[in-house]
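J.: Have a peek at my_file20.csv (CSV, C-alpha atoms).
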chain,number,residue,atom,x,y,z
O,253,MET,CA,30.4,10.4,10.4
O,254,ASN,CA,28.2,7.3,10.7
O,255,THR,CA,27.5,7.5,14.4
O,256,THR,CA,24.6,5.4,15.5
O,257,THR,CA,21.7,7.1,17.1
O,258,ILE,CA,18.7,5.8,18.9
O,259,LEU,CA,15.3,7.1,19.8
O,260,GLY,CA,15.2,7.6,23.6
O,261,GLY,CA,12.6,6.6,26.1
O,262,ALA,CA,12.7,2.9,26.7
O,263,SER,CA,14.8,-0.1,27.5
O,264,ALA,CA,15.8,-2.3,24.6
O,265,GLN,CA,13.2,-5.0,25.4
O,266,SER,CA,10.3,-2.7,25.9
O,267,ARG,CA,11.5,-0.8,22.7
O,268,THR,CA,11.0,-4.0,20.6
O,269,MET,CA,7.6,-4.5,22.1
O,270,GLN,CA,6.5,-1.0,21.4
O,271,LEU,CA,7.9,-1.2,17.8
O,272,ALA,CA,6.0,-4.4,17.2
O,273,MET,CA,2.8,-2.6,18.5
O,274,ALA,CA,3.5,0.4,16.2
O,275,MET,CA,3.9,-1.9,13.2
O,276,LEU,CA,0.7,-3.8,14.0
O,277,LEU,CA,-1.1,-0.5,14.4
O,278,GLY,CA,0.3,0.7,11.0
O,279,LEU,CA,-0.7,-2.5,9.2
O,280,PHE,CA,-4.2,-2.3,10.8
O,281,VAL,CA,-4.6,1.3,9.5
O,282,VAL,CA,-3.5,0.4,6.0
O,283,GLY,CA,-5.7,-2.7,6.1
O,284,PHE,CA,-8.7,-0.7,7.1
O,285,VAL,CA,-8.2,2.0,4.4
O,286,GLY,CA,-7.1,-0.3,1.6
O,287,PHE,CA,-8.5,-3.8,2.2
O,288,SER,CA,-11.8,-3.4,4.0
O,289,HIS,CA,-14.8,-5.2,2.5
O,290,MET,CA,-17.2,-2.7,4.0
O,291,GLU,CA,-19.0,-1.0,1.2
O,292,ALA,CA,-18.8,2.6,2.6
O,293,VAL,CA,-15.1,2.3,3.4
O,294,HIS,CA,-14.5,0.8,-0.1
O,295,ASN,CA,-16.3,3.7,-1.8
O,296,ALA,CA,-14.7,6.4,0.3
O,297,GLY,CA,-11.2,5.0,-0.4
O,298,HIS,CA,-11.9,3.9,-4.0
O,299,ASP,CA,-9.5,6.2,-5.8
O,300,TYR,CA,-6.8,5.7,-3.2
O,301,ARG,CA,-7.1,1.9,-3.6
O,302,HIS,CA,-6.7,2.2,-7.4
O,303,SER,CA,-3.8,4.6,-7.1
O,304,MET,CA,-2.0,2.5,-4.6
O,305,ASN,CA,-2.6,-0.7,-6.6
O,306,PHE,CA,-4.6,-2.4,-3.9
O,307,PRO,CA,-7.0,-4.9,-5.2
O,308,CYS,CA,-10.2,-2.9,-5.4
O,309,HIS,CA,-13.3,-4.6,-6.8
T,304,MET,CA,5.0,4.9,26.5
T,305,ASN,CA,7.3,7.8,25.7
T,306,TYR,CA,9.0,5.7,23.1
T,307,PHE,CA,5.8,4.6,21.4
T,308,ARG,CA,4.7,8.2,21.4
T,309,ASN,CA,7.8,9.3,19.6
T,310,VAL,CA,7.4,6.5,17.0
T,311,VAL,CA,3.8,7.5,16.3
T,312,PHE,CA,4.7,11.2,16.2
T,313,ILE,CA,7.5,10.6,13.6
T,314,ALA,CA,5.2,8.4,11.5
T,315,ALA,CA,2.4,11.0,11.7
T,316,ILE,CA,4.5,14.0,10.6
T,317,ALA,CA,6.3,12.0,7.8
T,318,GLY,CA,3.0,10.5,6.7
T,319,LEU,CA,1.3,13.8,6.5
T,320,VAL,CA,4.2,15.2,4.4
T,321,ALA,CA,4.3,12.2,2.0
T,322,GLY,CA,0.5,11.8,1.9
T,323,LEU,CA,0.1,15.5,0.9
T,324,ALA,CA,2.8,15.1,-1.7
T,325,MET,CA,1.0,12.0,-3.1
T,326,THR,CA,-2.3,13.9,-3.2
T,327,VAL,CA,-0.7,16.6,-5.3
T,328,MET,CA,0.9,14.0,-7.6
T,329,GLN,CA,-2.4,12.0,-8.0
T,330,ALA,CA,-4.2,15.1,-9.1
T,331,PHE,CA,-2.0,15.1,-12.2
T,332,THR,CA,-1.2,11.4,-12.7
T,333,THR,CA,-3.7,8.7,-11.6
T,334,ASP,CA,-6.9,10.7,-10.8
T,335,PRO,CA,-7.6,11.9,-14.3
T,336,LEU,CA,-7.0,8.4,-15.7
T,337,ILE,CA,-9.4,6.9,-13.1
T,338,LEU,CA,-12.1,9.4,-14.2
T,339,GLN,CA,-11.4,8.6,-17.9
T,340,ALA,CA,-11.9,4.9,-17.1
T,341,GLU,CA,-15.2,5.6,-15.4
T,342,VAL,CA,-16.5,7.0,-18.6
T,343,TYR,CA,-16.0,3.6,-20.2
T,344,GLU,CA,-17.3,1.8,-17.0
T,345,ASN,CA,-20.5,3.8,-17.1
T,346,ALA,CA,-21.0,3.4,-20.8
T,347,GLU,CA,-20.7,-0.4,-20.3
T,348,ALA,CA,-23.0,-0.4,-17.4
T,349,ALA,CA,-25.6,1.5,-19.4
T,350,ALA,CA,-25.9,-1.4,-21.8
T,351,PRO,CA,-28.8,-3.5,-20.4
T,352,ALA,CA,-27.0,-6.9,-20.4
T,353,ALA,CA,-24.0,-5.5,-18.8
T,354,ALA,CA,-26.0,-3.7,-16.1
T,355,GLU,CA,-27.6,-7.1,-15.1
T,356,ALA,CA,-24.2,-8.7,-14.7
T,357,ALA,CA,-22.5,-5.7,-13.1
T,358,HIS,CA,-24.4,-5.5,-9.9
T,359,ASP,CA,-22.5,-6.5,-6.9
T,360,HIS,CA,-19.6,-8.3,-5.5
T,361,ASP,CA,-21.5,-11.2,-4.0
T,362,GLN,CA,-22.9,-12.3,-7.3
T,363,ALA,CA,-19.5,-12.2,-8.7
T,364,ALA,CA,-18.1,-14.2,-5.9
T,365,MET,CA,-20.9,-16.8,-6.3
T,366,SER,CA,-20.3,-17.2,-9.9
T,367,THR,CA,-16.6,-17.7,-9.2
T,368,ALA,CA,-17.5,-20.3,-6.6
T,369,GLU,CA,-19.5,-22.2,-9.2
T,370,GLY,CA,-16.4,-22.1,-11.4
T,371,GLU,CA,-18.5,-20.9,-14.2
T,372,GLN,CA,-16.8,-17.5,-14.5
T,373,ALA,CA,-13.7,-16.4,-12.7
T,374,ALA,CA,-14.0,-12.8,-13.9
T,375,ALA,CA,-15.8,-10.5,-11.5
T,376,PRO,CA,-17.7,-8.0,-13.6
T,377,ALA,CA,-16.9,-4.4,-13.2
T,378,HIS,CA,-19.1,-2.9,-10.5
T,379,GLU,CA,-21.5,0.0,-10.7
T,380,HIS,CA,-21.0,2.6,-8.0
T,381,ASP,CA,-24.4,4.0,-7.8
T,382,ASP,CA,-26.2,0.8,-6.8
T,383,GLU,CA,-23.9,0.0,-3.9
T,384,GLY,CA,-25.0,2.0,-0.9
T,385,TRP,CA,-23.3,5.1,0.3
T,386,SER,CA,-20.5,6.6,-1.8
T,387,PRO,CA,-19.1,10.1,-1.8
T,388,ALA,CA,-20.6,12.5,-4.4
T,389,ASP,CA,-18.3,13.3,-7.3
T,390,GLY,CA,-16.3,16.5,-7.0
T,391,PHE,CA,-15.4,18.0,-3.7
T,392,GLU,CA,-16.7,15.2,-1.5
T,393,ARG,CA,-15.0,12.5,-3.4
T,394,ASN,CA,-11.7,14.4,-3.5
T,395,ALA,CA,-11.9,15.1,0.2
T,396,TYR,CA,-12.3,11.4,1.0
T,397,ASN,CA,-9.5,10.6,-1.3
T,398,VAL,CA,-7.2,13.1,0.5
T,399,LEU,CA,-8.3,11.6,3.8
T,400,ALA,CA,-7.5,8.1,2.6
T,401,ASN,CA,-4.1,9.3,1.3
T,402,LEU,CA,-3.2,10.8,4.6
T,403,VAL,CA,-4.4,8.0,6.8
T,404,GLY,CA,-2.8,5.4,4.6
T,405,ALA,CA,0.4,7.3,4.5
T,406,ILE,CA,0.5,7.5,8.3
T,407,GLY,CA,-0.1,3.7,8.4
T,408,PHE,CA,2.7,3.0,6.1
T,409,GLY,CA,4.8,5.5,8.0
T,410,LEU,CA,4.2,3.5,11.2
T,411,VAL,CA,5.3,0.3,9.4
T,412,LEU,CA,8.4,2.0,8.0
T,413,VAL,CA,9.5,3.6,11.3
T,414,ALA,CA,8.9,0.4,13.2
T,415,ALA,CA,10.8,-1.7,10.7
T,416,SER,CA,13.8,0.7,10.4
T,417,GLU,CA,14.0,1.1,14.2
T,418,LEU,CA,14.1,-2.6,14.7
T,419,ALA,CA,17.0,-2.7,12.3
T,420,GLY,CA,18.8,0.1,14.2
T,421,GLY,CA,17.3,3.2,12.9
T,422,MET,CA,17.8,5.4,9.9
T,423,GLY,CA,21.1,7.3,10.1
T,424,ASP,CA,20.4,10.1,7.7
T,425,TRP,CA,18.0,11.1,5.0
T,426,ARG,CA,19.9,9.1,2.4
T,427,GLN,CA,19.3,5.9,4.4
T,428,GLY,CA,15.7,7.0,4.6
T,429,VAL,CA,15.6,7.0,0.8
T,430,PHE,CA,16.8,3.4,0.8
T,431,TRP,CA,14.2,2.4,3.3
T,432,GLY,CA,11.6,4.1,1.2
T,433,LEU,CA,12.8,2.2,-1.9
T,434,ALA,CA,12.5,-1.0,0.2
T,435,GLY,CA,8.9,0.0,1.0
T,436,PHE,CA,8.2,0.6,-2.6
T,437,THR,CA,9.6,-2.8,-3.5
T,438,VAL,CA,7.5,-4.5,-0.9
T,439,PHE,CA,4.2,-2.7,-1.3
T,440,THR,CA,4.2,-1.6,-4.9
T,441,LEU,CA,6.7,-3.4,-7.2
T,442,ALA,CA,6.3,-7.0,-6.1
T,443,PRO,CA,2.5,-7.1,-5.9
T,444,SER,CA,2.1,-5.2,-9.2
T,445,LEU,CA,4.2,-7.7,-11.0
T,446,GLY,CA,1.4,-10.2,-10.6
T,447,LEU,CA,-1.5,-7.9,-10.3
T,448,ASN,CA,-1.0,-4.9,-12.6
T,449,PRO,CA,-2.5,-1.7,-11.4
T,450,GLU,CA,-6.1,-1.9,-12.5
T,451,LEU,CA,-8.6,0.8,-13.6
T,452,PRO,CA,-12.3,0.7,-12.9
T,453,ALA,CA,-14.2,-1.6,-15.4
T,454,MET,CA,-11.2,-3.9,-15.7
T,455,PRO,CA,-12.0,-7.6,-15.2
T,456,ALA,CA,-10.2,-9.2,-12.2
T,457,ALA,CA,-10.4,-12.4,-10.3
T,458,ASP,CA,-12.2,-12.8,-7.0
T,459,LEU,CA,-11.4,-9.9,-4.7
T,460,LEU,CA,-10.5,-11.9,-1.6
T,461,SER,CA,-8.1,-14.2,-3.4
T,462,ARG,CA,-6.3,-11.3,-4.9
T,463,GLN,CA,-6.0,-9.6,-1.6
T,464,ILE,CA,-4.6,-12.8,-0.1
T,465,TRP,CA,-2.1,-13.0,-2.9
T,466,TRP,CA,-1.2,-9.3,-2.6
T,467,ILE,CA,-0.6,-9.5,1.2
T,468,GLY,CA,1.3,-12.8,0.9
T,469,THR,CA,3.5,-11.3,-1.8
T,470,ALA,CA,4.2,-8.2,0.2
T,471,ALA,CA,5.0,-10.2,3.3
T,472,ALA,CA,7.3,-12.6,1.4
T,473,THR,CA,9.1,-9.7,-0.3
T,474,ALA,CA,9.7,-8.0,3.1
T,475,VAL,CA,11.1,-11.2,4.6
T,476,ALA,CA,13.3,-11.6,1.5
T,477,LEU,CA,14.7,-8.0,1.7
T,478,TYR,CA,15.4,-8.6,5.4
T,479,LEU,CA,17.4,-11.8,4.6
T,480,LEU,CA,19.2,-10.1,1.7
T,481,PHE,CA,20.2,-6.8,3.3
T,482,LEU,CA,20.1,-7.1,7.1
T,483,ARG,CA,21.7,-10.6,7.5
T,484,ARG,CA,25.2,-11.1,6.4
T,485,SER,CA,25.1,-14.7,5.3
T,486,PRO,CA,25.3,-15.9,1.7
T,487,ALA,CA,23.0,-18.9,2.5
T,488,LEU,CA,20.3,-16.6,4.0
T,489,ALA,CA,20.7,-14.3,1.0
T,490,ALA,CA,20.0,-17.2,-1.3
T,491,LEU,CA,17.0,-18.2,0.8
T,492,GLY,CA,15.8,-14.6,0.5
T,493,ILE,CA,16.0,-14.8,-3.3
T,494,ALA,CA,14.0,-18.0,-3.2
T,495,ILE,CA,11.3,-16.4,-1.0
T,496,LEU,CA,11.2,-13.4,-3.3
T,497,VAL,CA,10.4,-15.6,-6.2
T,498,VAL,CA,7.9,-18.1,-4.7
T,499,PRO,CA,4.7,-15.9,-4.9
T,500,HIS,CA,5.3,-15.3,-8.6
T,501,ILE,CA,5.8,-19.0,-9.2
T,502,ILE,CA,2.5,-19.6,-7.5
T,503,GLY,CA,1.1,-16.8,-9.6
T,504,ALA,CA,-1.5,-14.1,-8.9
T,505,PRO,CA,-5.2,-15.0,-9.4
T,506,GLN,CA,-6.2,-13.9,-12.9
T,507,PRO,CA,-9.7,-13.5,-14.5
T,508,ALA,CA,-10.9,-16.1,-16.9
T,509,ASP,CA,-11.6,-13.4,-19.4
T,510,HIS,CA,-9.5,-10.3,-19.9
T,511,SER,CA,-11.8,-8.4,-22.2
T,512,THR,CA,-12.5,-4.9,-21.1
T,513,PRO,CA,-13.8,-1.7,-22.6
T,514,ILE,CA,-10.7,0.1,-21.3
T,515,PRO,CA,-8.3,1.0,-24.1
T,516,GLU,CA,-4.9,-0.6,-23.8
T,517,ASN,CA,-3.0,2.7,-23.9
T,518,LEU,CA,-5.1,4.1,-21.1
T,519,HIS,CA,-4.3,1.1,-18.9
T,520,HIS,CA,-0.6,1.4,-19.8
T,521,SER,CA,-0.6,5.1,-18.8
T,522,PHE,CA,-2.2,4.1,-15.5
T,523,ILE,CA,0.4,1.5,-14.7
T,524,VAL,CA,3.2,4.0,-15.3
T,525,ALA,CA,1.4,6.8,-13.4
T,526,SER,CA,0.5,4.6,-10.4
T,527,THR,CA,4.0,3.0,-10.2
T,528,LEU,CA,5.8,6.3,-10.4
T,529,THR,CA,3.5,8.1,-8.0
T,530,ASN,CA,4.1,5.3,-5.5
T,531,LEU,CA,7.9,5.4,-6.1
T,532,VAL,CA,8.0,9.2,-5.3
T,533,PHE,CA,5.6,8.6,-2.3
T,534,TRP,CA,7.9,6.0,-0.7
T,535,VAL,CA,11.1,8.0,-1.3
T,536,VAL,CA,9.5,11.1,0.3
T,537,LEU,CA,8.1,9.0,3.2
T,538,GLY,CA,11.5,7.5,3.8
T,539,ALA,CA,13.4,10.7,3.7
T,540,ALA,CA,10.8,12.5,5.8
T,541,VAL,CA,10.9,9.7,8.5
T,542,ALA,CA,14.7,10.0,8.6
T,543,THR,CA,14.6,13.8,8.8
T,544,VAL,CA,12.0,14.0,11.6
T,545,ARG,CA,13.7,11.2,13.4
T,546,ALA,CA,17.0,13.1,13.6
T,547,ARG,CA,15.2,15.6,15.9
T,548,PHE,CA,14.4,12.9,18.4
T,549,ALA,CA,17.4,10.7,18.2
T,550,GLU,CA,20.3,10.7,20.7
T,551,PRO,CA,23.7,9.0,20.6
T,552,ALA,CA,23.4,5.3,21.1
T,553,GLY,CA,26.1,5.3,23.8
T,554,ASP,CA,24.3,7.8,26.0
T,555,ALA,CA,25.0,7.1,29.6
T,556,ARG,CA,21.4,7.5,30.7
T,557,ARG,CA,20.3,4.9,28.3
T,558,SER,CA,22.9,2.3,29.2
T,559,PHE,CA,21.2,1.9,32.6
T,560,ALA,CA,17.7,1.7,31.2
Will you turn the file into structure tokens for me?
T.:
Amino acid sequence: MNTTTILGGASAQSRTMQLAMAMLLGLFVVGFVGFSHMEAVHNAGHDYRHSMNFPCH
Amino acid sequence: MNYFRNVVFIAAIAGLVAGLAMTVMQAFTTDPLILQAEVYENAEAAAPAAAEAAHDHDQAAMSTAEGEQAAAPAHEHDDEGWSPADGFERNAYNVLANLVGAIGFGLVLVAASELAGGMGDWRQGVFWGLAGFTVFTLAPSLGLNPELPAMPAADLLSRQIWWIGTAAATAVALYLLFLRRSPALAALGIAILVVPHIIGAPQPADHSTPIPENLHHSFIVASTLTNLVFWVVLGAAVATVRARFAEPAGDARRSFA
């Protein structure tokens, strides 16, 4: 039942690299929406920050 | 970049699903409480003395630096440059932030789970979601309770640093606990889990706030549960979408790749 499956499309080494890139991209996106000090970004994402329990003000 | 494209596609679909689910939940859980809190925030800002103190983040940061007052006063939205108008515009930006944030977390979750071998089925997805909840909600909120507008808090940057450090430490701890099969590393994981809380989150010097205690308590429950459901949905959605792209690990084509 518990057969292992993989996502196709790359060798193991390039897979690790691409996953690292995907993780960095994800952290960058979350950081921009939730942790930016830019006033406009803060105000636009204000309710999201509070709901997600990101430090806001 | 076929593989990277698959990862992004899975994260995008799962993020959209979980982000939309969270938007619906927020409408009934956290959003009404935030609006209620803003009534207190605006009433406080209307008082002349408070209005003077409540202006902007930089002043708050300066007073913190002087060590004279660690509490950043609640801010006043109207005086701080562009912000979306209440009503449709504000809700639209909130939905956008929900979706973009959910896709970002989706990327992190897909990448982390693929590095660990990939989610087998939706139930494993639920466990990965619970891990995300532990890392990004549970651990940081132990030290920094979910906060409402008009609540006093320590300097923003120092809280963000503690928040990110705690999430990172918790992620490393879960990795050592669950993905390594060594008692010594598990013990190290527990230690790393605890360290940020021994250091302690930055706290304001003065906790007094116009927000009633029961409103804040409701918000902590609402925010925590909304995040819990969000993460479980995100994990299950990632696993479900992933199953459509996955192929057997022993596939002959792959073994030569």
J.: Using all atoms listed in the file, find each residue of chain O with at least one atom at most 7 Å away from an atom of chain T; report its shortest atom-to-atom pair and that distance in Å (one decimal), sort the rows by chain and rising residue number, and return the result as CSV.
T.:
residue,atom,partner,partner_atom,distance
O:Thr256,CA,T:Ala552,CA,5.7
O:Thr257,CA,T:Pro551,CA,4.5
O:Ile258,CA,T:Ala549,CA,5.1
O:Leu259,CA,T:Ala549,CA,4.5
O:Gly260,CA,T:Tyr306,CA,6.5
O:Gly261,CA,T:Tyr306,CA,4.8
O:Ala262,CA,T:Tyr306,CA,5.9
O:Ser263,CA,T:Ala560,CA,5.0
O:Arg267,CA,T:Tyr306,CA,7.0
O:Thr268,CA,T:Leu418,CA,6.8
O:Gln270,CA,T:Phe307,CA,5.6
O:Leu271,CA,T:Ala414,CA,5.0
O:Ala272,CA,T:Ala414,CA,6.9
O:Ala274,CA,T:Leu410,CA,5.9
O:Met275,CA,T:Val411,CA,4.6
O:Gly278,CA,T:Gly407,CA,4.0
O:Leu279,CA,T:Gly407,CA,6.3
O:Val281,CA,T:Gly407,CA,5.2
O:Val282,CA,T:Gly404,CA,5.2
O:Val285,CA,T:Gly404,CA,6.4
O:Ala292,CA,T:Trp385,CA,5.6
O:Asn295,CA,T:Ser386,CA,5.1
O:Ala296,CA,T:Tyr396,CA,5.6
O:Gly297,CA,T:Ala400,CA,5.7
O:Asp299,CA,T:Asn397,CA,6.3
O:Tyr300,CA,T:Asn397,CA,5.9
O:His302,CA,T:Glu450,CA,6.6
O:Ser303,CA,T:Ser526,CA,5.4
O:Met304,CA,T:Ser526,CA,6.7
O:Asn305,CA,T:Pro449,CA,4.9
O:Pro307,CA,T:Gln463,CA,6.0
O:His309,CA,T:Leu459,CA,6.0
J.: Take CA of Ala490 (chain T) and CA of Gly428 (chain T) and report the distance between them in Å, one decimal.
T.: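 A separation of 25.3 Å between them.
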J.: CA of Gly435 (chain T) and CA of Trp534 (chain T), how far apart in Å?
T.: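 Between these atoms lies a distance of 6.3 Å.
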J.: What is the CA of Met269 (chain O)-CA of Ile316 (chain T) distance in Å, reported with one decimal?
T.: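 Taking CA of Met269 (chain O) and CA of Ile316 (chain T), their separation equals 22.0 Å.
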